[in-house]
$ cat target.txt   # compact mmCIF, C-alpha atoms
# COMPACT_ATOMS: atom_id res chain seq x y z
CA MET A 1 0.00 0.00 0.00
CA GLU A 2 2.83 2.39 0.76
CA TYR A 3 4.32 1.70 -2.64
CA LEU A 4 0.98 2.31 -4.44
CA SER A 5 0.37 5.58 -2.61
CA CYS A 6 3.95 6.64 -3.41
CA VAL A 7 3.48 5.87 -7.12
CA SER A 8 0.12 7.64 -7.25
CA GLU A 9 1.64 10.71 -5.57
CA VAL A 10 4.47 10.76 -8.11
CA SER A 11 2.07 10.32 -11.05
CA GLU A 12 -0.22 13.10 -9.81
CA ARG A 13 2.72 15.45 -9.35
CA ILE A 14 4.06 14.76 -12.82
CA LEU A 15 0.59 15.24 -14.36
CA ASN A 16 -0.04 18.55 -12.57
CA GLU A 17 3.33 19.95 -13.57
CA SER A 18 2.89 18.85 -17.18
CA PHE A 19 -0.50 20.66 -17.36
CA PHE A 20 1.04 23.77 -15.80
CA TYR A 21 3.86 23.93 -18.32
CA ARG A 22 1.54 23.26 -21.22
CA GLY A 23 -0.47 26.33 -20.19
CA LEU A 24 2.74 28.26 -19.79
CA ARG A 25 3.73 27.39 -23.36
CA ALA A 26 0.30 28.45 -24.67
CA ASN A 27 0.42 31.83 -22.87
CA THR A 28 3.93 32.70 -23.95
CA SER A 29 3.89 31.38 -27.52
CA PHE A 30 2.33 34.55 -29.00
CA SER A 31 5.41 36.64 -28.06
CA LEU A 32 8.02 34.38 -29.62
CA ASP A 33 8.25 36.50 -32.81
CA THR A 34 8.56 39.89 -31.05
CA ALA A 35 11.73 41.69 -30.00
CA SER A 36 11.44 40.39 -26.43
CA SER A 37 11.07 36.76 -27.53
CA HIS A 38 14.60 35.93 -26.42
CA ASN A 39 13.84 36.47 -22.73
CA ASN A 40 10.51 34.60 -22.89
CA SER A 41 12.07 31.78 -24.88
CA PHE A 42 14.91 31.48 -22.39
CA SER A 43 12.55 31.34 -19.41
CA LEU A 44 10.30 28.87 -21.22
CA ASP A 45 13.21 26.61 -22.13
CA THR A 46 14.53 26.81 -18.57
CA ALA A 47 11.18 25.88 -17.09
CA SER A 48 10.69 23.10 -19.63
CA SER A 49 14.16 21.66 -19.03
CA GLN A 50 13.65 21.68 -15.28
CA ASN A 51 10.31 19.94 -15.68
CA THR A 52 11.79 17.41 -18.08
CA SER A 53 14.67 16.55 -15.75
CA PHE A 54 12.35 16.27 -12.77
CA SER A 55 9.94 14.07 -14.67
CA LEU A 56 12.77 11.92 -16.03
CA ASP A 57 14.39 11.39 -12.61
CA THR A 58 11.07 10.77 -10.87
CA ALA A 59 9.91 8.41 -13.58
CA SER A 60 13.21 6.56 -13.32
CA LEU A 61 12.82 6.15 -9.56
CA GLN A 62 9.23 5.02 -10.11
CA SER A 63 10.43 2.44 -12.65
CA ILE A 64 13.07 1.16 -10.22
CA ASN A 65 10.44 0.93 -7.47
CA GLU A 66 8.24 -1.07 -9.81
CA TRP A 67 11.22 -3.36 -10.50
CA ILE A 68 11.67 -3.94 -6.76
CA ALA A 69 7.95 -4.49 -6.13
CA TYR A 70 7.24 -6.63 -9.21
CA PRO A 71 10.53 -8.10 -10.49
CA PRO A 72 10.79 -10.76 -13.21
CA TYR A 73 11.33 -13.60 -10.74
CA PHE A 74 12.81 -16.26 -13.03
CA LYS A 75 15.26 -13.93 -14.76
CA ILE A 76 16.39 -12.38 -11.48
CA ASN A 77 16.94 -15.80 -9.91
CA MET A 78 19.03 -16.80 -12.92
CA PHE A 79 21.49 -14.00 -12.07
CA LEU A 80 22.02 -15.60 -8.66
CA ILE A 81 23.67 -18.64 -10.29
CA PRO A 82 27.01 -16.99 -11.27
CA PRO A 83 27.80 -15.68 -7.74
CA VAL A 84 26.96 -19.05 -6.19
CA ILE A 85 29.09 -20.99 -8.71
CA CYS A 86 32.00 -18.58 -8.33
CA LEU A 87 31.76 -18.75 -4.54
CA ILE A 88 31.84 -22.56 -4.60
CA ALA A 89 34.82 -22.51 -7.00
CA ALA A 90 36.69 -20.10 -4.73
CA ILE A 91 35.91 -22.01 -1.51
CA LEU A 92 37.28 -25.21 -3.05
CA VAL A 93 40.75 -23.69 -3.52
CA ILE A 94 41.35 -20.45 -1.61
CA PRO A 95 41.26 -21.86 1.98
CA PHE A 96 43.87 -24.49 1.07
CA ILE A 97 46.14 -21.91 -0.58
CA LEU A 98 45.82 -19.64 2.46
CA PHE A 99 46.63 -22.59 4.75
CA VAL A 100 49.77 -23.37 2.75
CA ILE A 101 50.91 -19.73 2.75
CA PHE A 102 50.41 -19.06 6.45
CA SER A 103 51.44 -22.48 7.79
CA GLN A 104 54.84 -22.88 6.11
CA GLY A 105 57.57 -20.57 7.30
CA ASN A 106 59.60 -20.41 4.09
CA ILE A 107 56.56 -19.37 2.05
CA ARG A 108 55.26 -16.99 4.72
CA GLN A 109 58.54 -15.02 4.66
CA GLU A 110 58.24 -14.04 0.98
CA THR A 111 56.52 -10.82 -0.01
CA ARG A 112 54.80 -12.16 -3.13
CA TYR A 113 53.09 -14.95 -1.20
CA LEU A 114 51.89 -12.64 1.57
CA LEU A 115 50.41 -10.27 -1.01
CA LEU A 116 48.84 -13.19 -2.85
CA GLY A 117 47.27 -14.47 0.37
CA ASN A 118 45.87 -11.02 1.14
CA ALA A 119 44.41 -10.70 -2.37
CA LEU A 120 42.78 -14.14 -2.18
CA LEU A 121 41.39 -13.37 1.27
CA CYS A 122 39.81 -10.15 -0.04
CA ASP A 123 38.33 -11.99 -3.02
CA LEU A 124 36.89 -14.75 -0.83
CA LEU A 125 35.34 -12.27 1.62
CA TYR A 126 33.87 -10.26 -1.25
CA LEU A 127 32.31 -13.34 -2.82
CA ILE A 128 30.80 -14.41 0.50
CA LEU A 129 29.38 -10.96 1.28
CA TYR A 130 28.08 -10.33 -2.23
CA THR A 131 26.39 -13.73 -2.46
CA MET A 132 24.77 -13.06 0.91
CA SER A 133 23.46 -9.68 -0.28
CA GLU A 134 22.02 -11.19 -3.46
CA VAL A 135 20.38 -14.03 -1.52
CA PHE A 136 18.79 -11.45 0.79
CA SER A 137 17.61 -9.43 -2.22
CA VAL A 138 16.12 -12.40 -4.07
CA SER A 139 14.42 -13.76 -0.94
CA TYR A 140 13.01 -10.27 -0.11
CA LEU A 141 14.62 -10.31 3.31
CA LYS A 142 14.71 -6.63 4.23
CA LEU A 143 17.79 -5.76 6.28
CA PRO A 144 17.81 -2.93 8.83
CA GLN A 145 19.45 0.24 7.60
CA ILE A 146 22.50 -0.17 9.84
CA ALA A 147 23.03 -3.77 8.68
CA CYS A 148 22.62 -2.74 5.04
CA VAL A 149 25.15 0.11 5.39
CA ALA A 150 27.60 -2.23 7.16
CA LEU A 151 27.21 -4.86 4.43
CA LEU A 152 27.74 -2.32 1.64
CA PHE A 153 30.75 -0.85 3.44
CA LEU A 154 32.36 -4.29 3.85
CA LEU A 155 31.71 -5.03 0.18
CA ALA A 156 33.37 -1.78 -0.87
CA MET A 157 36.25 -2.35 1.56
CA THR A 158 37.00 -5.90 0.37
CA TYR A 159 36.74 -4.85 -3.29
CA CYS A 160 39.13 -1.93 -2.75
CA GLY A 161 41.43 -4.20 -0.73
CA GLY A 162 41.63 -6.72 -3.55
CA LEU A 163 42.26 -3.97 -6.11
CA LEU A 164 44.99 -2.25 -4.08
CA THR A 165 46.63 -5.59 -3.31
CA GLY A 166 46.64 -6.35 -7.04
CA VAL A 167 48.48 -3.07 -7.65
CA ALA A 168 50.95 -3.95 -4.87
CA MET A 169 51.56 -7.40 -6.39
CA VAL A 170 52.40 -5.91 -9.78
CA LEU A 171 54.72 -3.33 -8.21
CA ASP A 172 56.38 -6.12 -6.22
CA THR A 173 56.99 -8.11 -9.41
CA TYR A 174 58.27 -4.94 -11.09
CA LEU A 175 60.81 -4.32 -8.32
CA ALA A 176 61.88 -7.98 -8.13
CA ILE A 177 62.64 -8.14 -11.87
CA LEU A 178 64.09 -4.71 -12.57
CA TRP A 179 65.92 -4.14 -9.22
CA PRO A 180 66.79 -7.64 -7.99
CA LEU A 181 69.84 -6.51 -5.98
CA HIS A 182 67.86 -3.94 -3.97
CA TYR A 183 64.63 -5.91 -3.73
CA LEU A 184 65.22 -7.53 -0.33
CA SER A 185 66.29 -4.24 1.22
CA ILE A 186 63.25 -2.43 -0.18
CA LEU A 187 60.61 -5.03 0.73
CA PRO A 188 61.61 -7.39 3.56
CA SER A 189 58.92 -9.56 5.08
CA ALA A 190 58.52 -7.31 8.14
CA ARG A 191 57.86 -4.29 5.93
CA THR A 192 55.46 -6.31 3.80
CA LYS A 193 53.20 -6.88 6.81
CA LYS A 194 53.11 -3.13 7.38
CA VAL A 195 52.27 -2.63 3.70
CA ILE A 196 49.37 -5.09 4.00
CA LEU A 197 48.09 -3.27 7.08
CA PHE A 198 48.33 0.01 5.17
CA LEU A 199 46.38 -1.53 2.28
CA TRP A 200 43.56 -2.55 4.62
CA ILE A 201 43.44 0.91 6.20
CA SER A 202 43.44 2.57 2.79
CA SER A 203 40.73 0.27 1.49
CA GLY A 204 38.55 1.33 4.41
CA ILE A 205 39.26 5.08 4.19
CA PHE A 206 38.03 5.64 0.65
CA PRO A 207 34.64 3.90 1.07
CA GLY A 208 34.30 5.58 4.47
CA ILE A 209 34.75 9.03 2.92
CA VAL A 210 32.26 8.20 0.17
CA PHE A 211 29.68 6.93 2.69
CA LEU A 212 30.11 10.05 4.85
CA ILE A 213 29.62 12.35 1.84
CA LEU A 214 26.54 10.47 0.69
CA GLY A 215 25.09 10.38 4.20
CA SER A 216 25.61 14.11 4.80
CA THR A 217 24.17 15.17 1.43
CA GLU A 218 21.23 12.77 1.36
CA LYS A 219 17.85 14.46 0.87
CA PRO A 220 14.36 12.98 1.34
CA SER A 221 13.01 11.66 -1.94
CA VAL A 222 9.44 11.82 -3.24
CA CYS A 223 9.47 8.06 -3.71
CA PRO A 224 12.44 6.55 -1.85
CA VAL A 225 13.92 3.27 -3.02
CA GLU A 226 14.57 0.88 -0.15
CA ASP A 227 16.75 -2.02 -1.22
CA CYS A 228 20.20 -3.34 -0.28
CA SER A 229 21.06 -4.84 -3.67
CA VAL A 230 24.28 -3.59 -5.26
CA PRO A 231 22.95 -3.68 -8.88
CA ILE A 232 19.92 -1.56 -7.92
CA ILE A 233 22.13 0.92 -6.05
CA LEU A 234 24.49 1.09 -9.03
CA ALA A 235 21.56 1.78 -11.37
CA MET A 236 20.25 4.50 -9.03
CA THR A 237 23.49 6.52 -8.97
CA LEU A 238 22.68 8.33 -12.21
CA GLN A 239 19.33 9.44 -10.73
CA GLY A 240 21.02 10.78 -7.58
CA ASN A 241 22.07 14.30 -6.66
CA ASN A 242 25.34 15.94 -7.61
CA ALA A 243 27.21 14.39 -4.65
CA VAL A 244 26.15 10.88 -5.67
CA LYS A 245 27.18 11.47 -9.29
CA CYS A 246 30.50 12.99 -8.19
CA CYS A 247 31.30 9.98 -5.98
CA TYR A 248 30.29 7.68 -8.84
CA VAL A 249 32.64 9.44 -11.29
CA LEU A 250 35.50 9.50 -8.78
CA SER A 251 35.10 5.80 -7.97
CA VAL A 252 35.10 4.78 -11.63
CA SER A 253 38.09 7.06 -12.32
CA ALA A 254 40.08 5.65 -9.39
CA LEU A 255 39.33 2.10 -10.51
CA PHE A 256 40.37 2.92 -14.06
CA LEU A 257 43.63 4.52 -12.86
CA CYS A 258 44.55 1.49 -10.75
CA LEU A 259 43.91 -0.92 -13.61
CA SER A 260 45.82 1.34 -16.02
CA LEU A 261 48.78 1.33 -13.62
CA ILE A 262 48.71 -2.47 -13.54
CA LEU A 263 48.60 -2.62 -17.34
CA CYS A 264 51.47 -0.14 -17.71
CA CYS A 265 53.65 -2.14 -15.30
CA TYR A 266 52.97 -5.34 -17.26
CA MET A 267 53.84 -3.64 -20.54
CA ILE A 268 57.09 -2.21 -19.13
CA LEU A 269 58.05 -5.63 -17.77
CA TYR A 270 57.36 -7.21 -21.13
CA PHE A 271 59.53 -4.76 -23.08
CA LYS A 272 62.31 -4.76 -20.46
CA THR A 273 62.58 -8.57 -20.47
CA LYS A 274 61.93 -9.07 -24.18
CA GLU A 275 65.65 -9.43 -24.98
CA SER A 276 66.33 -11.94 -22.18
CA GLY A 277 65.01 -14.91 -24.18
CA ILE A 278 62.22 -15.97 -21.82
CA TRP A 279 59.56 -15.11 -24.43
CA LYS A 280 61.01 -17.07 -27.38
CA SER A 281 59.07 -20.28 -26.84
CA ILE A 282 55.34 -20.09 -27.43
CA PHE A 283 54.59 -22.28 -24.42
CA SER A 284 57.28 -20.85 -22.13
CA ARG A 285 56.30 -20.40 -18.50
CA ALA A 286 56.75 -16.64 -18.66
CA ARG A 287 54.52 -16.29 -21.72
CA VAL A 288 51.77 -18.50 -20.27
CA THR A 289 51.87 -16.66 -16.93
CA PHE A 290 51.76 -13.31 -18.70
CA LEU A 291 48.77 -14.47 -20.76
CA MET A 292 46.89 -15.61 -17.65
CA HIS A 293 47.53 -12.30 -15.94
CA GLN A 294 46.24 -10.43 -18.98
CA ILE A 295 43.07 -12.55 -18.94
CA ILE A 296 42.46 -11.59 -15.31
CA LEU A 297 43.21 -7.95 -16.13
CA PHE A 298 40.75 -8.06 -19.04
CA PHE A 299 38.01 -9.32 -16.74
CA HIS A 300 38.83 -6.49 -14.32
CA PHE A 301 38.63 -3.89 -17.11
CA SER A 302 35.36 -5.25 -18.50
CA PRO A 303 33.04 -4.03 -15.71
CA VAL A 304 34.65 -0.58 -15.79
CA LEU A 305 34.10 -0.25 -19.54
CA ALA A 306 30.58 -1.66 -19.28
CA THR A 307 29.74 0.82 -16.50
CA VAL A 308 31.06 3.77 -18.51
CA VAL A 309 29.13 2.68 -21.62
CA GLU A 310 25.97 2.19 -19.55
CA SER A 311 26.33 5.68 -18.07
CA LEU A 312 26.82 7.31 -21.47
CA LEU A 313 23.84 5.48 -22.95
CA TYR A 314 21.62 6.44 -20.05
CA VAL A 315 22.69 10.10 -19.97
CA ASN A 316 21.97 10.40 -23.70
CA ALA A 317 18.51 8.79 -23.17
CA ILE A 318 19.35 5.83 -25.42
CA ILE A 319 18.42 3.29 -22.75
CA GLY A 320 15.88 3.45 -19.94
CA PRO A 321 16.14 2.55 -16.24
CA ARG A 322 15.02 -1.06 -16.79
CA THR A 323 17.71 -1.66 -19.41
CA GLY A 324 20.16 -0.03 -17.00
CA MET A 325 19.05 -2.51 -14.35
CA TRP A 326 19.79 -5.46 -16.62
CA LEU A 327 23.22 -4.04 -17.46
CA SER A 328 23.95 -3.48 -13.76
CA LEU A 329 23.02 -7.10 -13.03
CA VAL A 330 25.41 -8.31 -15.74
CA VAL A 331 28.22 -6.08 -14.43
CA CYS A 332 27.78 -6.96 -10.73
CA ASN A 333 26.76 -10.63 -10.96
CA VAL A 334 28.98 -11.73 -13.84
CA LEU A 335 31.81 -9.40 -14.87
CA ILE A 336 32.99 -8.43 -11.37
CA ILE A 337 32.57 -11.93 -9.95
CA ILE A 338 34.40 -13.97 -12.62
CA PRO A 339 37.97 -12.66 -12.05
CA LYS A 340 37.66 -13.24 -8.30
CA ALA A 341 36.81 -16.89 -8.93
CA LEU A 342 39.53 -17.36 -11.57
CA SER A 343 42.37 -15.66 -9.66
CA PRO A 344 43.15 -18.59 -7.29
CA TYR A 345 43.43 -20.96 -10.26
CA LEU A 346 45.37 -18.62 -12.56
CA TYR A 347 47.42 -16.89 -9.84
CA GLY A 348 47.76 -19.18 -6.83
CA LEU A 349 48.22 -22.55 -8.49
CA ARG A 350 50.81 -21.12 -10.91
CA TYR A 351 53.37 -20.83 -8.11
CA ARG A 352 55.46 -23.98 -7.92
CA GLU A 353 55.90 -23.83 -4.13
CA ILE A 354 52.17 -23.57 -3.51
CA SER A 355 51.15 -26.22 -6.03
CA SER A 356 53.82 -28.66 -4.79
CA SER A 357 52.78 -28.09 -1.17
CA LEU A 358 49.13 -28.71 -2.05
CA LYS A 359 50.05 -31.92 -3.86
CA PHE A 360 52.09 -33.06 -0.87
CA LEU A 361 49.17 -32.37 1.49
CA LEU A 362 46.78 -34.27 -0.75
CA ARG A 363 49.14 -37.26 -1.01
CA ARG A 364 49.67 -37.33 2.74
CA LYS A 365 45.93 -37.14 3.38
CA ARG A 366 45.32 -39.93 0.88
CA SER A 367 47.99 -42.11 2.48
CA THR A 368 46.46 -41.64 5.95
CA VAL A 369 43.09 -42.69 4.58
CA VAL A 370 44.45 -45.72 2.73
CA ALA A 371 46.75 -46.94 5.53
CA PRO A 372 44.07 -48.35 7.89
CA THR A 373 42.45 -50.15 4.96
CA SER A 374 45.74 -51.82 4.00
CA LEU A 375 46.36 -52.92 7.61
CA ALA A 376 42.94 -54.45 7.81
$ encode --input "target.txt" --output "structure tokens"
Amino acid sequence: MEYLSCVSEVSERILNESFFYRGLRANTSFSLDTASSHNNSFSLDTASSQNTSFSLDTASLQSINEWIAYPPYFKINMFLIPPVICLIAAILVIPFILFVIFSQGNIRQETRYLLLGNALLCDLLYLILYTMSEVFSVSYLKLPQIACVALLFLLAMTYCGGLLTGVAMVLDTYLAILWPLHYLSILPSARTKKVILFLWISSGIFPGIVFLILGSTEKPSVCPVEDCSVPIILAMTLQGNNAVKCCYVLSVSALFLCLSLILCCYMILYFKTKESGIWKSIFSRARVTFLMHQIILFFHFSPVLATVVESLLYVNAIIGPRTGMWLSLVVCNVLIIIPKALSPYLYGLRYREISSSLKFLLRRKRSTVVAPTSLA
């Protein structure tokens, strides 16, 4: 009932304003050919543009509210499958890799493995939290506002943590290859732990600032949208106020800069090591590893490009809010999730020390299971 009264209020307001501006056009149209037509035309265009923007934003919010109240159940439930599959794929591997990294002293003392463990931990936490949020959204379990804000903050924090750790991993590889003699003095294991702590603090500061700005500039809406789903929130950003749009642009720009830095470091490493002979064989380890890293980087770039294209299409009125919702679902439930599920297989298992330790653990576990049977 609240939703229906909200929609009727919005519709009545749009209808009344449209009648008012139609009368305004009729009263001022006779003076368009006179010498003072420029002032009347300017005021008419200003009033019409304000009415158009208000009607567009309000209609968009109404359409999003209709999506929340009457969603296409089967199609929405289908978008829950990719997060669940990716979460299962990550749970099957990431805990074992983390156990190997943090249980063996020789592996735990190396910077690259500590950064890898931190990146995988961020990815696993993000997958768990995001799958929980989508399950809540599909099952129409309405979270309290404090719980919803906490969940969104943790999602943003783990995503930023994984992104910043990815940048740190590339910079670590860059230093290890181009400055091998000074590498141990620049990044010893004790300093690496401080770097990881700094990454966690930094990944919490940026979302915290964004949440504070949005909370302080929030204004009561004619028809507020109450939902804790990330795709719906992403689709609503273009209907928000100037602070929301500014935070949206800054977030996308920061993400694009981080990914561009990663790509530039990979390109520099490729050209610096091109003459060393490690790239001559088509199936050389360096070439295969580089290709896998580029695949992960491509999947990280895809949601950024899709979000920018979606924003441009929506601003130019080429797509509507419902099409924007479908694009947001694809970005959040597919493009962002896939690299987090692939990274343990393409990153973690590529390290010889980790893969050999996992094989040793599996063989030892198998031998302990088979031994009582052979004695019997």
$ closest_atom_pairs --input "target.txt" --of "segment 87-171 of chain A" --to "segment 198-215 of chain A" --cutoff "8 Å" --atoms "only C-alpha atoms" --output "CSV"
residue,atom,partner,partner_atom,distance
A:Phe153,CA,A:Pro207,CA,6.6
A:Ala156,CA,A:Pro207,CA,6.1
A:Met157,CA,A:Ser203,CA,5.2
A:Thr158,CA,A:Ser203,CA,7.3
A:Cys160,CA,A:Ser203,CA,5.0
A:Gly161,CA,A:Ser203,CA,5.0
A:Leu164,CA,A:Leu199,CA,6.5
A:Thr165,CA,A:Leu199,CA,6.9
$ write_last_selection --input "target.txt" --atoms "C-alpha atoms" --output "PDB file, in the coordinates of the input"
ATOM      1  CA  PHE A 153      30.750  -0.850   3.440  1.00  0.00           C
ATOM      2  CA  ALA A 156      33.370  -1.780  -0.870  1.00  0.00           C
ATOM      3  CA  MET A 157      36.250  -2.350   1.560  1.00  0.00           C
ATOM      4  CA  THR A 158      37.000  -5.900   0.370  1.00  0.00           C
ATOM      5  CA  CYS A 160      39.130  -1.930  -2.750  1.00  0.00           C
ATOM      6  CA  GLY A 161      41.430  -4.200  -0.730  1.00  0.00           C
ATOM      7  CA  LEU A 164      44.990  -2.250  -4.080  1.00  0.00           C
ATOM      8  CA  THR A 165      46.630  -5.590  -3.310  1.00  0.00           C
TER       9      THR A 165
END
$ residues_around --input "target.txt" --residues "Leu234 of chain A" --least-positions-apart "5" --cutoff "10 Å" --atoms "all atoms listed in the file" --output "list in words"
Ser229, Gln239, Tyr248, Thr307, Gly324, Met325, Leu327, Ser328, Leu329, Val331 and Cys332 of chain A
$ residues_near_point --input "target.txt" --point "(30.5, -17.1, -7.0)" --cutoff "8 Å" --atoms "only C-alpha atoms" --output "PyMOL selection string"
chain A and resi 81-90+127-128+131+337-338+341
$ closest_residue --input "target.txt" --among "A:Ile268, A:Ile354, A:Leu335, A:Leu291" --to "Ile177 of chain A" --atoms "all atoms listed in the file"
A:Ile268
$ residues_around --input "target.txt" --residues "Gly348 of chain A" --least-positions-apart "3" --cutoff "12 Å" --atoms "all atoms listed in the file" --output "MDAnalysis selection string"
chainID A and resid 90 93:98 100:101 112:121 289 292:293 340:345 351:358
$ residues_around --input "target.txt" --residues "Thr323 of chain A" --least-positions-apart "2" --cutoff "12 Å" --atoms "all atoms listed in the file" --output "list in words"
Ser60, Ser63, Ile64, Trp67, Pro231, Ile232, Ala235, Glu310, Ser311, Leu313, Tyr314, Ala317, Ile318, Ile319, Gly320, Pro321, Met325, Trp326, Leu327, Ser328, Leu329 and Val330 of chain A
$ atom_distance --input "target.txt" --atom1 "atom CA of Ile107 of chain A" --atom2 "atom CA of Leu129 of chain A"
28.5 Å
$ atom_distance --input "target.txt" --atom1 "atom CA of Ile295 of chain A" --atom2 "atom CA of Tyr347 of chain A"
11.0 Å
$ atom_distance --input "target.txt" --atom1 "atom CA of Ser302 of chain A" --atom2 "atom CA of Arg350 of chain A"
23.4 Å
$ closest_residue --input "target.txt" --among "A:Ile296, A:Leu187, A:Cys228, A:Val334" --to "Tyr140 of chain A" --atoms "only C-alpha atoms"
A:Cys228
$ closest_residue --input "target.txt" --among "A:Cys264, A:Leu257, A:Cys247, A:Leu155" --to "Leu124 of chain A" --atoms "only C-alpha atoms"
A:Leu155
$ residues_around --input "target.txt" --residues "Leu269 of chain A" --least-positions-apart "5" --cutoff "12 Å" --atoms "only C-alpha atoms" --output "number ranges by chain"
A: 170-179, 262-264, 274-276, 278-279, 286-287, 290
$ axis_aligned_box --input "target.txt" --around "segment 149-157 of chain A" --padding-each-side "4 Å" --output "JSON"
{"center_x": 30.7, "center_y": -2.5, "center_z": 3.1, "size_x": 19.1, "size_y": 13.1, "size_z": 16.0}
$ decode --input "target.txt" --residues "segment 316-322 of chain A" --atoms "all heavy atoms" --output "CSV table (one decimal), in the first residue's frame"
chain,number,residue,atom,x,y,z
A,316,ASN,N,22.5,10.0,-22.4
A,316,ASN,CA,22.0,10.4,-23.7
A,316,ASN,C,20.6,9.9,-24.0
A,316,ASN,O,20.1,9.9,-25.2
A,316,ASN,CB,22.9,10.0,-24.8
A,316,ASN,CG,24.3,10.7,-24.7
A,316,ASN,OD1,24.3,11.9,-24.6
A,316,ASN,ND2,25.4,10.0,-24.7
A,317,ALA,N,19.9,9.3,-23.0
A,317,ALA,CA,18.5,8.8,-23.2
A,317,ALA,C,18.4,7.7,-24.3
A,317,ALA,O,17.3,7.6,-24.9
A,317,ALA,CB,17.6,10.0,-23.5
A,318,ILE,N,19.4,6.9,-24.5
A,318,ILE,CA,19.3,5.8,-25.4
A,318,ILE,C,18.7,4.6,-24.8
A,318,ILE,O,18.0,3.8,-25.4
A,318,ILE,CB,20.7,5.5,-26.0
A,318,ILE,CG1,21.3,6.8,-26.7
A,318,ILE,CG2,20.7,4.3,-26.9
A,318,ILE,CD1,22.7,6.6,-27.3
A,319,ILE,N,19.0,4.4,-23.5
A,319,ILE,CA,18.4,3.3,-22.7
A,319,ILE,C,17.6,3.8,-21.6
A,319,ILE,O,17.9,5.0,-21.1
A,319,ILE,CB,19.5,2.3,-22.2
A,319,ILE,CG1,20.5,3.0,-21.3
A,319,ILE,CG2,20.3,1.7,-23.4
A,319,ILE,CD1,21.4,2.1,-20.6
A,320,GLY,N,16.7,3.1,-21.1
A,320,GLY,CA,15.9,3.4,-19.9
A,320,GLY,C,16.4,2.8,-18.7
A,320,GLY,O,17.4,2.1,-18.6
A,321,PRO,N,15.7,3.1,-17.5
A,321,PRO,CA,16.1,2.5,-16.2
A,321,PRO,C,16.1,1.0,-16.2
A,321,PRO,O,16.9,0.4,-15.5
A,321,PRO,CB,15.2,3.2,-15.2
A,321,PRO,CG,14.0,3.7,-16.0
A,321,PRO,CD,14.5,4.0,-17.4
A,322,ARG,N,15.1,0.4,-16.8
A,322,ARG,CA,15.0,-1.1,-16.8
A,322,ARG,C,16.2,-1.7,-17.5
A,322,ARG,O,16.8,-2.7,-17.1
A,322,ARG,CB,13.7,-1.5,-17.4
A,322,ARG,CG,12.5,-1.4,-16.4
A,322,ARG,CD,11.3,-2.0,-17.0
A,322,ARG,NE,10.2,-2.0,-15.9
A,322,ARG,CZ,10.0,-3.0,-15.1
A,322,ARG,NH1,10.8,-4.1,-15.2
A,322,ARG,NH2,9.1,-3.0,-14.2
